[in-house]
Protein chains: 2
Amino acid sequence: MSALCLAQLGSYTVGGRTVRIEGQAAHKVALSAGLEIDYDPNGRFWIEQAYVQYFVPQTRRLELPLVLIHGGGLTGSVWETTPDGRPGWLHDFLAAGVAVHIVDNVERGRAGFCALPGEWDGAPIVRSEEESWSLYRFGDAAGYARREPYPGQRFPVAHLDELTRRTVPRWPATVSAQRRALVALIERLGACIVLGHSQGGGFAIELAAARPDLVRAAVALEPHGNFSSIGAVPLDRLPLLAVFGDYVEQSAAWRDLDAKAQRSLEAWRSAGGDAQVLRLGQHGLPGHSHMMMMDEGSGRIATLIVEWLADVTDARSA
Amino acid sequence: MSALCLAQLGSYTVGGRTVRIEGQAAHKVALSAGLEIDYDPNGRFWIEQAYVQYFVPQTRRLELPLVLIHGGGLTGSVWETTPDGRPGWLHDFLAAGVAVHIVDNVERGRAGFCALPGEWDGAPIVRSEEESWSLYRFGDAAGYARREPYPGQRFPVAHLDELTRRTVPRWPATVSAQRRALVALIERLGACIVLGHSQGGGFAIELAAARPDLVRAAVALEPHGNFSSIGAVPLDRLPLLAVFGDYVEQSAAWRDLDAKAQRSLEAWRSAGGDAQVLRLGQHGLPGHSHMMMMDEGSGRIATLIVEWLADVTDARSA
């Protein structure tokens, strides 16, 4: 890769709340070193914060910072090196002159999770490689055993293990906490652009719909979520780009999710927003999966998104 | 900050193992969106990998990459922006021309944790802010309520919350898995330098003692751990720098840990290695805590370490 010169590089946490644990009995905990320690579970703790790592290139093409929101069962690492070792969208956006703030949302990655008793409902669930294979539309379920993808599929299936190693547990009941942390993030950042993938795409749409005073454009990669907040605030031509890959017709789950996403775009337009759909397969970029930021040719999708962002943010500041 | 130009920026995972879950019943899981999903807990999963994020500056002072290993209950975020918002050691090392590979070890941060039944013993434990206050030697226990640190203390106690938000749960029984992931990491990297903090300092010493064919120098910040492996392999003048802050005498726990660390340095020397002790307070840098990479004046410690590394790695390649 050619050199990337950064004006800033750092991280912060945002949102969350304190919890005080009292009256629990201290107890012995056996460490695997063979040592027993006294563990006092009482005291003051923070939970439900998000972690954000940011990179600001020295040469900027877009004035506004771009918030990147990962999907369910994943972390901010999805934007980094692709499973087959190519530079990911973090690199592509920086090289294009875009400042990025990469979120590890509540419970994921460096944000940590809540291990305190009585705070979060339910146990964490994990996505198996088989579920990823089908849900991310790499191929049909029968093809998993032979790692035989759909014809023309661009996800690097020979490196599926690396994606599986980046898959992390999730709690079913933290969506509200994640949403709160994201609102705290954009309130801290001020005017910004948001881009989210899958569950994160749903959050990107919700965030923009709730706070068009802060979000100046939104990009949603195959979003899903709860879009009921669209329309609470007039959207005044707020630009939204929804990006979809191929093989949607092969998946019953995705036919439903796609239809639901289209209805959210209709709601967006009804609220006065400007929603555009980019079906990659109809724009000379066939074969993309749900994990389009990791697919071969991922850099070309990043370029299309930056071009769109430059157009719509220029148009609005003009 | 002045601009940092990077020749490379990326991430990878390393180590770990696959687990196959079979014969478990699928069940409904209620998402907080009000939606019930069918969750199939069976399939193929990866656990016990480490996540590594790397940054290679365009201008190099040290030829060898530096592996940074966080302490217990923490992640690779400890090397980033300090709690009071100053550039951290990641920035300092890059500006000094050192390529860094920042680990999130097994179970922490972006490495994810194992949520599969029957794999890991015990429940995760979390460090309270009160425990951090005492264990990191910010002040005595009685001073916590008023956030009144030891006189001259350099940790930014007004920003203690930010450290608490970066504190994550840990499992008691994963030390062996963490050690295996670190060995896999240095086997992937080849010749390297390791720097670890606290539990990570113990790992740095163990790694270097076990694999002096790969580790060319080690830095341990107030290390603790199991040092029984020192001496299994001749250390042939392998350089080790152990760095300590102040207020050790005020803490019974740290008097013990310090004495144990000194015995590990004796063992290092007996095995033929070259061990040096840097007590910051005796070198014009008083007031440092266990979290020296976050303290005011942290940059001066980074500079001392880079100077030492440049000296010992030059001397060995000469």
# chains A, B, ... in the order shown; residues from 1 in each chain; ligands from 1
>>> interface_residues(of="chain A", to="chain B", cutoff="6 Å", atoms="only C-alpha atoms", output="PDB file with N, CA and C atoms, in the first residue's frame")
ATOM      1  N   ALA A   3       1.782   5.103   1.313  1.00  0.00           N
ATOM      2  CA  ALA A   3       1.746   5.597   2.694  1.00  0.00           C
ATOM      3  C   ALA A   3       0.474   6.386   2.973  1.00  0.00           C
ATOM      4  N   LEU A   4      -0.019   6.232   4.202  1.00  0.00           N
ATOM      5  CA  LEU A   4      -1.153   7.011   4.690  1.00  0.00           C
ATOM      6  C   LEU A   4      -0.623   7.980   5.723  1.00  0.00           C
ATOM      7  N   CYS A   5      -0.850   9.271   5.530  1.00  0.00           N
ATOM      8  CA  CYS A   5      -0.408  10.240   6.525  1.00  0.00           C
ATOM      9  C   CYS A   5      -1.614  10.705   7.340  1.00  0.00           C
ATOM     10  N   LEU A   6      -1.501  10.519   8.655  1.00  0.00           N
ATOM     11  CA  LEU A   6      -2.608  10.813   9.560  1.00  0.00           C
ATOM     12  C   LEU A   6      -2.327  12.075  10.359  1.00  0.00           C
ATOM     13  N   ALA A   7      -3.320  12.963  10.396  1.00  0.00           N
ATOM     14  CA  ALA A   7      -3.209  14.139  11.259  1.00  0.00           C
ATOM     15  C   ALA A   7      -3.546  13.777  12.697  1.00  0.00           C
ATOM     16  N   GLY A  10      -6.444   8.033  17.432  1.00  0.00           N
ATOM     17  CA  GLY A  10      -6.712   7.884  18.862  1.00  0.00           C
ATOM     18  C   GLY A  10      -7.990   7.124  19.118  1.00  0.00           C
ATOM     19  N   SER A  11      -8.436   7.153  20.354  1.00  0.00           N
ATOM     20  CA  SER A  11      -9.657   6.439  20.725  1.00  0.00           C
ATOM     21  C   SER A  11     -10.317   7.105  21.915  1.00  0.00           C
ATOM     22  N   LEU A  31      -7.266 -19.090  39.745  1.00  0.00           N
ATOM     23  CA  LEU A  31      -6.661 -18.705  38.473  1.00  0.00           C
ATOM     24  C   LEU A  31      -5.991 -19.932  37.864  1.00  0.00           C
ATOM     25  N   SER A  32      -5.847 -19.905  36.535  1.00  0.00           N
ATOM     26  CA  SER A  32      -5.269 -21.107  35.919  1.00  0.00           C
ATOM     27  C   SER A  32      -3.780 -21.254  36.241  1.00  0.00           C
ATOM     28  N   GLY A  43     -18.546  -2.843  44.299  1.00  0.00           N
ATOM     29  CA  GLY A  43     -17.882  -1.599  43.932  1.00  0.00           C
ATOM     30  C   GLY A  43     -18.584  -0.885  42.794  1.00  0.00           C
ATOM     31  N   ARG A  44     -17.849   0.026  42.161  1.00  0.00           N
ATOM     32  CA  ARG A  44     -18.385   0.862  41.089  1.00  0.00           C
ATOM     33  C   ARG A  44     -17.865   0.349  39.751  1.00  0.00           C
ATOM     34  N   PHE A  45     -18.760   0.222  38.780  1.00  0.00           N
ATOM     35  CA  PHE A  45     -18.428  -0.300  37.458  1.00  0.00           C
ATOM     36  C   PHE A  45     -19.096   0.581  36.398  1.00  0.00           C
ATOM     37  N   TRP A  46     -18.576   0.539  35.179  1.00  0.00           N
ATOM     38  CA  TRP A  46     -19.242   1.166  34.026  1.00  0.00           C
ATOM     39  C   TRP A  46     -19.706   0.071  33.091  1.00  0.00           C
ATOM     40  N   GLU A  80     -11.329  -3.439   8.765  1.00  0.00           N
ATOM     41  CA  GLU A  80      -9.867  -3.483   8.613  1.00  0.00           C
ATOM     42  C   GLU A  80      -9.498  -4.484   7.511  1.00  0.00           C
ATOM     43  N   THR A  81      -8.289  -4.991   7.584  1.00  0.00           N
ATOM     44  CA  THR A  81      -7.789  -5.965   6.614  1.00  0.00           C
ATOM     45  C   THR A  81      -8.855  -7.021   6.300  1.00  0.00           C
ATOM     46  N   GLY A 109     -16.320  -6.242  21.353  1.00  0.00           N
ATOM     47  CA  GLY A 109     -14.942  -5.817  21.189  1.00  0.00           C
ATOM     48  C   GLY A 109     -14.435  -5.048  22.389  1.00  0.00           C
ATOM     49  N   ARG A 110     -13.741  -3.967  22.121  1.00  0.00           N
ATOM     50  CA  ARG A 110     -13.071  -3.212  23.179  1.00  0.00           C
ATOM     51  C   ARG A 110     -14.052  -2.428  24.058  1.00  0.00           C
ATOM     52  N   GLY A 112     -16.141  -3.893  25.715  1.00  0.00           N
ATOM     53  CA  GLY A 112     -16.387  -4.797  26.841  1.00  0.00           C
ATOM     54  C   GLY A 112     -17.857  -5.161  26.928  1.00  0.00           C
ATOM     55  N   SER A 128     -22.725 -19.402  14.405  1.00  0.00           N
ATOM     56  CA  SER A 128     -21.855 -20.470  13.894  1.00  0.00           C
ATOM     57  C   SER A 128     -21.385 -20.120  12.486  1.00  0.00           C
ATOM     58  N   GLU A 129     -20.336 -20.808  12.051  1.00  0.00           N
ATOM     59  CA  GLU A 129     -19.847 -20.588  10.691  1.00  0.00           C
ATOM     60  C   GLU A 129     -20.912 -20.972   9.663  1.00  0.00           C
ATOM     61  N   ARG A 165     -13.181 -16.191  13.057  1.00  0.00           N
ATOM     62  CA  ARG A 165     -12.403 -15.752  14.223  1.00  0.00           C
ATOM     63  C   ARG A 165     -12.727 -14.316  14.628  1.00  0.00           C
ATOM     64  N   VAL A 168     -18.016 -12.506  17.175  1.00  0.00           N
ATOM     65  CA  VAL A 168     -18.001 -12.463  18.646  1.00  0.00           C
ATOM     66  C   VAL A 168     -19.409 -12.672  19.189  1.00  0.00           C
ATOM     67  N   PRO A 172     -28.960 -10.800  23.256  1.00  0.00           N
ATOM     68  CA  PRO A 172     -30.179 -10.439  22.520  1.00  0.00           C
ATOM     69  C   PRO A 172     -30.774  -9.101  22.970  1.00  0.00           C
ATOM     70  N   ALA A 173     -30.519  -8.699  24.209  1.00  0.00           N
ATOM     71  CA  ALA A 173     -31.348  -7.647  24.811  1.00  0.00           C
ATOM     72  C   ALA A 173     -30.635  -6.310  24.991  1.00  0.00           C
ATOM     73  N   VAL A 175     -30.101  -3.966  22.407  1.00  0.00           N
ATOM     74  CA  VAL A 175     -30.283  -3.057  21.272  1.00  0.00           C
ATOM     75  C   VAL A 175     -30.545  -1.625  21.742  1.00  0.00           C
TER      76      VAL A 175
END
>>> calpha_fit_and_write(fixed="chain B", moving="chain A", output="short mmCIF file (atom, residue, chain, number, x, y, z; two decimals) with C-alpha atoms, in the first residue's frame")
data_model
loop_
_atom_site.label_atom_id
_atom_site.label_comp_id
_atom_site.auth_asym_id
_atom_site.auth_seq_id
_atom_site.Cartn_x
_atom_site.Cartn_y
_atom_site.Cartn_z
CA MET A 1 0.00 16.14 17.06
CA SER A 2 2.32 16.22 14.05
CA ALA A 3 1.38 13.94 11.16
CA LEU A 4 2.17 10.24 11.33
CA CYS A 5 2.89 8.60 7.99
CA LEU A 6 2.19 4.87 7.94
CA ALA A 7 3.58 2.40 5.43
CA GLN A 8 1.10 -0.22 6.67
CA LEU A 9 -2.04 -0.39 8.80
CA GLY A 10 -4.11 -3.51 9.33
CA SER A 11 -5.14 -6.38 11.55
CA TYR A 12 -5.16 -10.16 11.77
CA THR A 13 -6.11 -12.92 14.17
CA VAL A 14 -3.77 -15.65 15.30
CA GLY A 15 -3.97 -18.93 17.21
CA GLY A 16 -7.08 -20.47 18.66
CA ARG A 17 -8.94 -23.63 17.80
CA THR A 18 -12.21 -24.76 16.34
CA VAL A 19 -15.05 -26.19 18.38
CA ARG A 20 -17.94 -28.19 16.94
CA ILE A 21 -21.22 -28.06 18.86
CA GLU A 22 -23.69 -30.82 18.05
CA GLY A 23 -26.98 -32.15 19.34
CA GLN A 24 -28.09 -29.00 21.15
CA ALA A 25 -31.75 -28.05 20.80
CA ALA A 26 -32.57 -24.98 18.75
CA HIS A 27 -34.58 -22.51 20.80
CA LYS A 28 -36.33 -19.18 20.59
CA VAL A 29 -34.38 -16.08 21.63
CA ALA A 30 -36.22 -12.84 22.33
CA LEU A 31 -34.43 -9.83 20.83
CA SER A 32 -34.96 -6.48 22.49
CA ALA A 33 -36.67 -5.28 19.29
CA GLY A 34 -39.61 -7.41 20.42
CA LEU A 35 -38.80 -10.02 17.83
CA GLU A 36 -38.32 -13.71 18.58
CA ILE A 37 -35.77 -15.59 16.51
CA ASP A 38 -34.93 -19.27 16.17
CA TYR A 39 -31.39 -19.73 17.46
CA ASP A 40 -29.47 -22.82 16.44
CA PRO A 41 -26.51 -23.20 18.83
CA ASN A 42 -24.90 -25.98 16.78
CA GLY A 43 -22.12 -25.75 14.26
CA ARG A 44 -18.47 -24.79 13.87
CA PHE A 45 -16.93 -22.00 15.96
CA TRP A 46 -13.46 -20.57 16.65
CA ILE A 47 -12.30 -19.76 20.16
CA GLU A 48 -9.06 -18.72 21.88
CA GLN A 49 -7.66 -16.68 19.00
CA ALA A 50 -5.91 -13.35 19.65
CA TYR A 51 -6.65 -10.23 17.62
CA VAL A 52 -3.72 -8.05 16.54
CA GLN A 53 -3.86 -4.54 15.04
CA TYR A 54 -0.62 -3.32 13.49
CA PHE A 55 0.83 0.01 12.44
CA VAL A 56 4.09 0.34 10.52
CA PRO A 57 5.53 3.86 10.26
CA GLN A 58 7.02 4.95 6.97
CA THR A 59 10.29 5.96 8.68
CA ARG A 60 11.72 3.21 10.89
CA ARG A 61 14.21 3.61 13.68
CA LEU A 62 13.98 0.01 14.93
CA GLU A 63 14.14 -2.77 12.40
CA LEU A 64 12.18 -5.23 14.54
CA PRO A 65 8.43 -5.00 15.17
CA LEU A 66 7.31 -4.39 18.76
CA VAL A 67 4.49 -6.54 20.18
CA LEU A 68 2.45 -4.73 22.85
CA ILE A 69 0.67 -6.98 25.39
CA HIS A 70 -1.96 -5.42 27.68
CA GLY A 71 -2.55 -6.34 31.31
CA GLY A 72 -5.35 -8.29 32.99
CA GLY A 73 -8.89 -6.95 32.66
CA LEU A 74 -7.77 -4.60 29.88
CA THR A 75 -7.39 -4.61 26.08
CA GLY A 76 -5.08 -3.12 23.46
CA SER A 77 -6.86 0.20 24.01
CA VAL A 78 -4.51 0.90 26.95
CA TRP A 79 -1.83 1.94 24.45
CA GLU A 80 -4.03 4.51 22.74
CA THR A 81 -5.22 7.96 23.83
CA THR A 82 -4.70 8.44 27.58
CA PRO A 83 -7.74 8.89 29.85
CA ASP A 84 -7.20 12.66 29.82
CA GLY A 85 -6.99 12.75 26.01
CA ARG A 86 -3.26 12.93 25.32
CA PRO A 87 -1.61 10.81 22.61
CA GLY A 88 -0.68 7.44 24.10
CA TRP A 89 2.23 5.09 23.57
CA LEU A 90 0.85 3.86 20.23
CA HIS A 91 1.37 7.39 18.96
CA ASP A 92 4.70 7.81 20.75
CA PHE A 93 6.16 4.58 19.38
CA LEU A 94 5.01 5.33 15.82
CA ALA A 95 6.41 8.85 16.01
CA ALA A 96 9.72 7.33 17.22
CA GLY A 97 9.84 5.02 14.20
CA VAL A 98 8.74 1.75 15.82
CA ALA A 99 6.34 -0.67 14.09
CA VAL A 100 3.78 -1.92 16.63
CA HIS A 101 1.55 -4.98 16.77
CA ILE A 102 -1.11 -4.40 19.45
CA VAL A 103 -2.65 -7.55 20.91
CA ASP A 104 -6.18 -8.06 22.21
CA ASN A 105 -5.45 -11.40 23.81
CA VAL A 106 -7.79 -14.38 24.10
CA GLU A 107 -11.16 -13.40 25.67
CA ARG A 108 -10.45 -9.63 25.54
CA GLY A 109 -11.64 -6.94 23.20
CA ARG A 110 -11.87 -7.76 19.53
CA ALA A 111 -10.52 -11.27 20.12
CA GLY A 112 -13.99 -12.09 21.45
CA PHE A 113 -14.65 -14.60 24.19
CA CYS A 114 -16.00 -18.12 24.36
CA ALA A 115 -19.75 -18.24 24.99
CA LEU A 116 -19.99 -21.94 24.14
CA PRO A 117 -21.12 -24.37 26.84
CA GLY A 118 -18.51 -26.52 28.56
CA GLU A 119 -15.35 -24.96 27.16
CA TRP A 120 -14.11 -22.50 29.78
CA ASP A 121 -14.19 -23.06 33.52
CA GLY A 122 -15.71 -20.49 35.80
CA ALA A 123 -17.51 -17.21 35.28
CA PRO A 124 -15.90 -13.95 34.18
CA ILE A 125 -14.83 -11.53 36.90
CA VAL A 126 -14.59 -7.74 36.61
CA ARG A 127 -12.32 -5.28 38.35
CA SER A 128 -14.21 -2.59 40.24
CA GLU A 129 -13.02 1.00 40.16
CA GLU A 130 -12.12 0.66 43.84
CA GLU A 131 -9.87 -2.31 43.06
CA SER A 132 -8.24 -0.43 40.16
CA TRP A 133 -7.60 2.53 42.46
CA SER A 134 -5.69 0.39 44.95
CA LEU A 135 -4.12 -2.19 42.62
CA TYR A 136 -2.87 0.47 40.20
CA ARG A 137 -1.48 2.45 43.17
CA PHE A 138 -3.30 5.71 42.48
CA GLY A 139 -3.81 6.20 46.19
CA ASP A 140 -4.67 4.39 49.37
CA ALA A 141 -8.09 2.78 49.68
CA ALA A 142 -9.33 5.50 52.03
CA GLY A 143 -8.57 8.16 49.41
CA TYR A 144 -10.78 6.62 46.73
CA ALA A 145 -14.05 8.26 47.81
CA ARG A 146 -12.51 11.75 47.45
CA ARG A 147 -10.34 10.64 44.48
CA GLU A 148 -7.40 11.84 46.54
CA PRO A 149 -4.27 10.22 45.14
CA TYR A 150 -0.87 9.70 46.71
CA PRO A 151 1.11 12.98 46.84
CA GLY A 152 2.88 13.55 43.54
CA GLN A 153 0.88 10.84 41.76
CA ARG A 154 0.86 11.36 37.96
CA PHE A 155 -2.15 9.30 36.91
CA PRO A 156 -4.91 11.70 35.72
CA VAL A 157 -7.37 10.77 38.48
CA ALA A 158 -9.90 13.37 37.32
CA HIS A 159 -10.38 11.07 34.30
CA LEU A 160 -10.56 7.79 36.20
CA ASP A 161 -13.97 7.06 34.58
CA GLU A 162 -12.33 6.67 31.18
CA LEU A 163 -10.04 3.93 32.54
CA THR A 164 -13.03 2.24 34.20
CA ARG A 165 -14.86 2.26 30.87
CA ARG A 166 -11.85 0.52 29.27
CA THR A 167 -11.82 -2.20 31.92
CA VAL A 168 -13.32 -5.44 30.61
CA PRO A 169 -14.30 -8.79 32.14
CA ARG A 170 -11.79 -11.63 32.30
CA TRP A 171 -11.97 -15.35 32.89
CA PRO A 172 -9.76 -16.84 35.60
CA ALA A 173 -8.89 -19.96 33.62
CA THR A 174 -7.62 -18.77 30.24
CA VAL A 175 -3.97 -18.04 31.01
CA SER A 176 -2.73 -21.13 29.14
CA ALA A 177 -4.82 -20.23 26.10
CA GLN A 178 -3.47 -16.67 26.18
CA ARG A 179 0.08 -17.98 26.33
CA ARG A 180 -0.54 -20.28 23.36
CA ALA A 181 -1.97 -17.42 21.29
CA LEU A 182 1.08 -15.26 22.04
CA VAL A 183 3.45 -18.03 20.97
CA ALA A 184 1.45 -18.39 17.74
CA LEU A 185 1.76 -14.62 17.26
CA ILE A 186 5.56 -14.49 17.55
CA GLU A 187 5.89 -17.60 15.38
CA ARG A 188 3.92 -15.74 12.73
CA LEU A 189 5.89 -12.51 13.13
CA GLY A 190 9.37 -13.97 13.35
CA ALA A 191 12.14 -11.93 14.97
CA CYS A 192 10.54 -9.31 17.21
CA ILE A 193 10.61 -7.34 20.46
CA VAL A 194 7.91 -7.81 23.10
CA LEU A 195 6.63 -5.29 25.64
CA GLY A 196 4.00 -6.22 28.17
CA HIS A 197 2.25 -4.59 31.09
CA SER A 198 1.36 -6.31 34.36
CA GLN A 199 -0.09 -9.73 33.42
CA GLY A 200 1.16 -8.93 29.90
CA GLY A 201 4.61 -8.17 31.35
CA GLY A 202 4.65 -11.65 32.79
CA PHE A 203 3.74 -13.01 29.37
CA ALA A 204 6.50 -10.93 27.75
CA ILE A 205 9.09 -12.47 30.09
CA GLU A 206 7.72 -15.98 29.59
CA LEU A 207 7.62 -15.59 25.81
CA ALA A 208 11.19 -14.32 25.63
CA ALA A 209 12.43 -17.03 28.02
CA ALA A 210 10.73 -19.75 25.99
CA ARG A 211 11.59 -18.46 22.52
CA PRO A 212 14.84 -16.47 22.54
CA ASP A 213 15.17 -17.64 18.91
CA LEU A 214 12.39 -15.16 18.05
CA VAL A 215 12.33 -12.56 20.82
CA ARG A 216 15.38 -10.29 20.56
CA ALA A 217 14.55 -8.07 23.56
CA ALA A 218 11.78 -7.83 26.15
CA VAL A 219 10.34 -4.97 28.19
CA ALA A 220 8.16 -5.78 31.19
CA LEU A 221 6.22 -3.03 32.98
CA GLU A 222 5.67 -4.16 36.57
CA PRO A 223 5.29 -7.78 35.48
CA HIS A 224 3.54 -10.51 37.33
CA GLY A 225 2.80 -14.07 36.39
CA ASN A 226 4.33 -17.48 36.36
CA PHE A 227 8.04 -17.26 35.70
CA SER A 228 8.80 -20.96 36.11
CA SER A 229 9.76 -21.34 32.45
CA ILE A 230 12.85 -19.12 32.82
CA GLY A 231 15.93 -21.24 32.44
CA ALA A 232 14.55 -23.96 30.19
CA VAL A 233 16.52 -22.43 27.30
CA PRO A 234 19.89 -20.60 27.61
CA LEU A 235 19.27 -16.87 27.23
CA ASP A 236 22.64 -15.85 25.77
CA ARG A 237 22.62 -12.23 27.03
CA LEU A 238 19.02 -11.67 25.89
CA PRO A 239 18.14 -8.13 27.05
CA LEU A 240 15.23 -7.65 29.45
CA LEU A 241 14.20 -4.28 30.87
CA ALA A 242 11.84 -4.29 33.85
CA VAL A 243 10.22 -0.91 34.54
CA PHE A 244 8.68 0.08 37.88
CA GLY A 245 6.80 3.14 39.12
CA ASP A 246 6.55 4.55 42.61
CA TYR A 247 4.43 3.90 45.74
CA VAL A 248 5.37 0.22 45.84
CA GLU A 249 6.16 0.52 49.54
CA GLN A 250 2.61 1.77 50.24
CA SER A 251 1.00 -1.43 48.95
CA ALA A 252 1.35 -4.84 50.62
CA ALA A 253 0.25 -6.53 47.39
CA TRP A 254 2.86 -4.67 45.38
CA ARG A 255 5.67 -5.27 47.85
CA ASP A 256 5.03 -8.98 47.24
CA LEU A 257 4.65 -8.63 43.47
CA ASP A 258 7.78 -6.50 43.25
CA ALA A 259 9.81 -9.02 45.24
CA LYS A 260 8.57 -11.80 42.98
CA ALA A 261 9.46 -9.77 39.88
CA GLN A 262 12.98 -9.21 41.24
CA ARG A 263 13.38 -12.97 41.72
CA SER A 264 12.33 -13.49 38.07
CA LEU A 265 15.11 -11.09 37.04
CA GLU A 266 17.59 -13.10 39.10
CA ALA A 267 16.39 -16.26 37.35
CA TRP A 268 16.80 -14.44 34.03
CA ARG A 269 20.41 -13.59 34.84
CA SER A 270 21.08 -17.15 36.05
CA ALA A 271 19.87 -18.42 32.68
CA GLY A 272 22.45 -16.22 30.96
CA GLY A 273 20.16 -13.30 30.12
CA ASP A 274 20.89 -9.62 30.64
CA ALA A 275 18.25 -8.09 32.96
CA GLN A 276 18.09 -4.41 33.84
CA VAL A 277 15.76 -2.65 36.24
CA LEU A 278 14.47 0.86 35.60
CA ARG A 279 12.88 2.40 38.67
CA LEU A 280 11.40 5.54 37.15
CA GLY A 281 11.44 7.45 40.44
CA GLN A 282 15.22 7.02 40.63
CA HIS A 283 15.70 8.35 37.07
CA GLY A 284 14.07 11.74 37.41
CA LEU A 285 10.55 10.49 36.69
CA PRO A 286 8.82 10.31 40.08
CA GLY A 287 5.12 9.79 40.79
CA HIS A 288 4.30 7.00 38.35
CA SER A 289 1.57 4.46 38.96
CA HIS A 290 1.06 0.93 37.68
CA MET A 291 -0.72 2.53 34.66
CA MET A 292 2.45 4.40 33.65
CA MET A 293 1.46 4.45 29.95
CA MET A 294 -1.51 6.64 30.92
CA ASP A 295 0.21 8.86 33.48
CA GLU A 296 1.13 12.48 32.86
CA GLY A 297 4.64 12.32 31.43
CA SER A 298 3.94 8.93 29.80
CA GLY A 299 5.70 10.08 26.65
CA ARG A 300 9.00 10.42 28.48
CA ILE A 301 8.81 6.79 29.59
CA ALA A 302 8.14 5.72 25.99
CA THR A 303 11.22 7.68 24.92
CA LEU A 304 13.41 5.95 27.54
CA ILE A 305 12.16 2.55 26.37
CA VAL A 306 12.80 3.30 22.69
CA GLU A 307 16.32 4.51 23.54
CA TRP A 308 16.98 1.33 25.48
CA LEU A 309 15.59 -0.84 22.66
CA ALA A 310 17.67 0.98 20.06
CA ASP A 311 20.80 0.47 22.17
CA VAL A 312 20.32 -3.21 22.90
CA THR A 313 19.14 -4.25 19.45
CA ASP A 314 21.95 -2.27 17.77
CA ALA A 315 24.45 -3.88 20.12
CA ARG A 316 23.21 -7.38 19.30
CA SER A 317 23.09 -6.91 15.54
CA ALA A 318 26.56 -5.22 15.60
#
>>> select_by_dssp(residues="segment 149-225 of chain A", states="helix (DSSP H, G or I)", output="ChimeraX atom specification")
/A:157-165,175-189,199-210
>>> select_by_dssp(residues="segment 25-222 of chain B", states="strand (DSSP E or B)", output="ChimeraX atom specification")
/B:27-30,36-39,43-57,66-69,100-104,125,170,192-197,215-221
>>> decode(residues="segment 53-94 of chain A", atoms="C-alpha atoms", output="PDB file, in the first residue's frame")
ATOM      1  CA  GLN A  53     -11.127   4.391  17.425  1.00  0.00           C
ATOM      2  CA  TYR A  54     -10.557   7.309  15.073  1.00  0.00           C
ATOM      3  CA  PHE A  55      -8.209   8.103  12.216  1.00  0.00           C
ATOM      4  CA  VAL A  56      -8.014  11.530  10.585  1.00  0.00           C
ATOM      5  CA  PRO A  57      -6.041  11.721   7.329  1.00  0.00           C
ATOM      6  CA  GLN A  58      -3.790  14.703   6.776  1.00  0.00           C
ATOM      7  CA  THR A  59      -5.446  15.439   3.412  1.00  0.00           C
ATOM      8  CA  ARG A  60      -9.237  15.624   3.629  1.00  0.00           C
ATOM      9  CA  ARG A  61     -11.697  15.254   0.803  1.00  0.00           C
ATOM     10  CA  LEU A  62     -14.814  15.215   3.001  1.00  0.00           C
ATOM     11  CA  GLU A  63     -15.136  17.820   5.697  1.00  0.00           C
ATOM     12  CA  LEU A  64     -17.405  15.689   7.897  1.00  0.00           C
ATOM     13  CA  PRO A  65     -16.212  12.679   9.895  1.00  0.00           C
ATOM     14  CA  LEU A  66     -17.651   9.280   8.945  1.00  0.00           C
ATOM     15  CA  VAL A  67     -18.927   6.992  11.722  1.00  0.00           C
ATOM     16  CA  LEU A  68     -18.621   3.288  10.843  1.00  0.00           C
ATOM     17  CA  ILE A  69     -21.062   0.946  12.639  1.00  0.00           C
ATOM     18  CA  HIS A  70     -20.460  -2.820  12.441  1.00  0.00           C
ATOM     19  CA  GLY A  71     -23.159  -5.472  12.185  1.00  0.00           C
ATOM     20  CA  GLY A  72     -24.467  -7.980  14.730  1.00  0.00           C
ATOM     21  CA  GLY A  73     -22.003 -10.494  16.165  1.00  0.00           C
ATOM     22  CA  LEU A  74     -19.092  -8.463  14.800  1.00  0.00           C
ATOM     23  CA  THR A  75     -16.831  -5.579  15.883  1.00  0.00           C
ATOM     24  CA  GLY A  76     -15.051  -2.624  14.298  1.00  0.00           C
ATOM     25  CA  SER A  77     -12.490  -5.094  12.950  1.00  0.00           C
ATOM     26  CA  VAL A  78     -14.788  -5.738   9.952  1.00  0.00           C
ATOM     27  CA  TRP A  79     -13.526  -2.490   8.396  1.00  0.00           C
ATOM     28  CA  GLU A  80      -9.867  -3.483   8.613  1.00  0.00           C
ATOM     29  CA  THR A  81      -7.789  -5.965   6.614  1.00  0.00           C
ATOM     30  CA  THR A  82     -10.046  -8.334   4.647  1.00  0.00           C
ATOM     31  CA  PRO A  83     -10.021 -12.061   5.475  1.00  0.00           C
ATOM     32  CA  ASP A  84      -7.684 -12.701   2.540  1.00  0.00           C
ATOM     33  CA  GLY A  85      -5.283  -9.952   3.669  1.00  0.00           C
ATOM     34  CA  ARG A  86      -6.149  -7.021   1.416  1.00  0.00           C
ATOM     35  CA  PRO A  87      -6.484  -3.475   2.774  1.00  0.00           C
ATOM     36  CA  GLY A  88     -10.053  -2.960   3.993  1.00  0.00           C
ATOM     37  CA  TRP A  89     -12.408  -0.008   3.954  1.00  0.00           C
ATOM     38  CA  LEU A  90     -10.581   1.700   6.837  1.00  0.00           C
ATOM     39  CA  HIS A  91      -7.606   1.973   4.510  1.00  0.00           C
ATOM     40  CA  ASP A  92      -9.729   2.853   1.486  1.00  0.00           C
ATOM     41  CA  PHE A  93     -11.583   5.659   3.263  1.00  0.00           C
ATOM     42  CA  LEU A  94      -8.382   7.137   4.714  1.00  0.00           C
TER      43      LEU A  94
END
